[in-house]
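Colleague: After the structure tokens below, expect a handful of questions from me.
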Amino acid sequence: PAPQKPRDLHGLPCVALARFGNVWELHGAGKREKVPLNSRVTFRSILLGKEYALAGHGAALLRTSLAKPHVDAGELIRLLPQWNGPKHDLYLLTASRQVPLRVQLLVDHIAGYYPGTN
């Protein structure tokens, strides 16, 4: 059966990322839960972890941008839709306010790709 609560993930085989260890931190309904994983394998690359999950070897905590095409195609199933992983801040630093046009185009592209950026 599909998990109903974050702690239900503990019984599933999961794909872990080395930088987070064998714990997923999930946020939802005004709560935060740390879920110990039953991970068969640990990856340094989220892309390799995604491929492992696509091959049917376990659940993975993926960014929406990585997972959505596969969910839409029926290759992955979204578990616990009311819960999300932690948000990560992204900063772009420049040496001055006057940047070359190509740098400004890159900044604009990235800002357009990530909703809620300033």
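Each chain in the structure tokens gets a letter, A, B and so on, in the order shown; residues start at 1 in every chain, and ligands are counted from 1 in the order they appear.
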Taking the DSSP assignment computed from this structure's backbone, write out as a PyMOL selection string all residues of chain A that belong to alpha helix (DSSP H).

Modeller: chain A and resi 46-54+64-72+101-113

Colleague: Compile the contact shell of Pro1 of chain A as a ChimeraX atom specification: residues with an atom at most 12 Å away, counting only C-alpha atoms, same-chain residues fewer than 4 positions apart removed.

Modeller: /A:5,8-9,11-12,79

Colleague: Find, counting only C-alpha atoms, the residue in A:Gly28, A:Leu106, A:Leu37, A:Gln4 that gets nearest to Gly58 of chain A.

Modeller: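 Of A:Gly28, A:Leu106, A:Leu37, A:Gln4, the one nearest Gly58 of chain A is A:Leu37, counting only C-alpha atoms.
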
Colleague: Can you pull out every residue from segment 5-63 of chain A that DSSP, working from the backbone, puts in strand (DSSP E), and format the result as a list of chain:residue names?

Modeller: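 Here are the strand (DSSP E) residues of segment 5-63 of chain A: A:Pro13, A:Cys14, A:Val15, A:Ala16, A:Leu17, A:Val23, A:Trp24, A:Glu25, A:Leu26, A:His27, A:Gly28, A:Lys31, A:Arg32, A:Glu33, A:Lys34, A:Val35, A:Pro36, A:Asn38, A:Ser39, A:Arg40, A:Val41, A:Thr42, A:Phe43, A:Ala59, A:Ala60.
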
Colleague: Quick one: everything within 9 Å of Arg44 of chain A, counting only C-alpha atoms, minus sequence neighbours fewer than 5 positions away in the same chain. Send it as a PDB file with N, CA, C and O atoms, in the first residue's frame.

Modeller:
ATOM      1  N   ALA A  16      18.960   7.026  -1.270  1.00  0.00           N
ATOM      2  CA  ALA A  16      19.497   8.096  -0.427  1.00  0.00           C
ATOM      3  C   ALA A  16      20.601   8.852  -1.161  1.00  0.00           C
ATOM      4  O   ALA A  16      21.299   8.288  -2.000  1.00  0.00           O
ATOM      5  N   LEU A  17      20.726  10.139  -0.828  1.00  0.00           N
ATOM      6  CA  LEU A  17      21.835  10.948  -1.323  1.00  0.00           C
ATOM      7  C   LEU A  17      22.882  11.053  -0.228  1.00  0.00           C
ATOM      8  O   LEU A  17      22.553  11.304   0.931  1.00  0.00           O
ATOM      9  N   ALA A  18      24.123  10.881  -0.605  1.00  0.00           N
ATOM     10  CA  ALA A  18      25.208  10.861   0.370  1.00  0.00           C
ATOM     11  C   ALA A  18      25.225  12.118   1.239  1.00  0.00           C
ATOM     12  O   ALA A  18      25.450  12.045   2.441  1.00  0.00           O
ATOM     13  N   ARG A  19      24.965  13.286   0.655  1.00  0.00           N
ATOM     14  CA  ARG A  19      25.080  14.530   1.430  1.00  0.00           C
ATOM     15  C   ARG A  19      24.000  14.666   2.503  1.00  0.00           C
ATOM     16  O   ARG A  19      24.141  15.456   3.420  1.00  0.00           O
ATOM     17  N   GLY A  49      20.451   8.722  -8.790  1.00  0.00           N
ATOM     18  CA  GLY A  49      19.388   8.280  -7.897  1.00  0.00           C
ATOM     19  C   GLY A  49      18.042   8.234  -8.604  1.00  0.00           C
ATOM     20  O   GLY A  49      17.258   7.308  -8.415  1.00  0.00           O
TER      21      GLY A  49
END

Colleague: Leaving out Gly85 of chain A and any residue of its chain fewer than 2 positions from it, which residues lie within 9 Å of it when counting only C-alpha atoms, given as a PyMOL selection string?

Modeller: chain A and resi 24-28+61-63+83+87

Colleague: Write a file of the just-selected residues containing N, CA and C atoms, as an mmCIF file, in the first residue's frame.

Modeller:
data_model
loop_
_atom_site.group_PDB
_atom_site.id
_atom_site.type_symbol
_atom_site.label_atom_id
_atom_site.label_comp_id
_atom_site.auth_asym_id
_atom_site.auth_seq_id
_atom_site.Cartn_x
_atom_site.Cartn_y
_atom_site.Cartn_z
ATOM 1 N N TRP A 24 15.522 11.612 5.456
ATOM 2 C CA TRP A 24 14.827 12.638 4.663
ATOM 3 C C TRP A 24 14.119 13.563 5.622
ATOM 4 N N GLU A 25 14.238 14.865 5.382
ATOM 5 C CA GLU A 25 13.489 15.848 6.147
ATOM 6 C C GLU A 25 12.324 16.306 5.276
ATOM 7 N N LEU A 26 11.097 16.067 5.747
ATOM 8 C CA LEU A 26 9.910 16.408 4.981
ATOM 9 C C LEU A 26 9.102 17.481 5.699
ATOM 10 N N HIS A 27 8.451 18.350 4.909
ATOM 11 C CA HIS A 27 7.647 19.445 5.431
ATOM 12 C C HIS A 27 6.244 19.330 4.869
ATOM 13 N N GLY A 28 5.244 19.508 5.728
ATOM 14 C CA GLY A 28 3.856 19.498 5.271
ATOM 15 C C GLY A 28 2.907 19.730 6.425
ATOM 16 N N LEU A 61 13.599 11.002 -3.204
ATOM 17 C CA LEU A 61 13.172 12.376 -2.948
ATOM 18 C C LEU A 61 13.790 13.234 -4.042
ATOM 19 N N LEU A 62 12.943 13.644 -5.004
ATOM 20 C CA LEU A 62 13.420 14.364 -6.185
ATOM 21 C C LEU A 62 12.816 15.757 -6.272
ATOM 22 N N ARG A 63 13.571 16.659 -6.884
ATOM 23 C CA ARG A 63 13.019 17.973 -7.207
ATOM 24 C C ARG A 63 11.868 17.794 -8.179
ATOM 25 N N TRP A 83 3.296 16.448 1.277
ATOM 26 C CA TRP A 83 4.597 16.651 1.922
ATOM 27 C C TRP A 83 5.638 16.987 0.860
ATOM 28 N N LYS A 87 13.464 23.128 1.107
ATOM 29 C CA LYS A 87 13.770 24.095 0.051
ATOM 30 C C LYS A 87 15.250 24.450 0.155
#
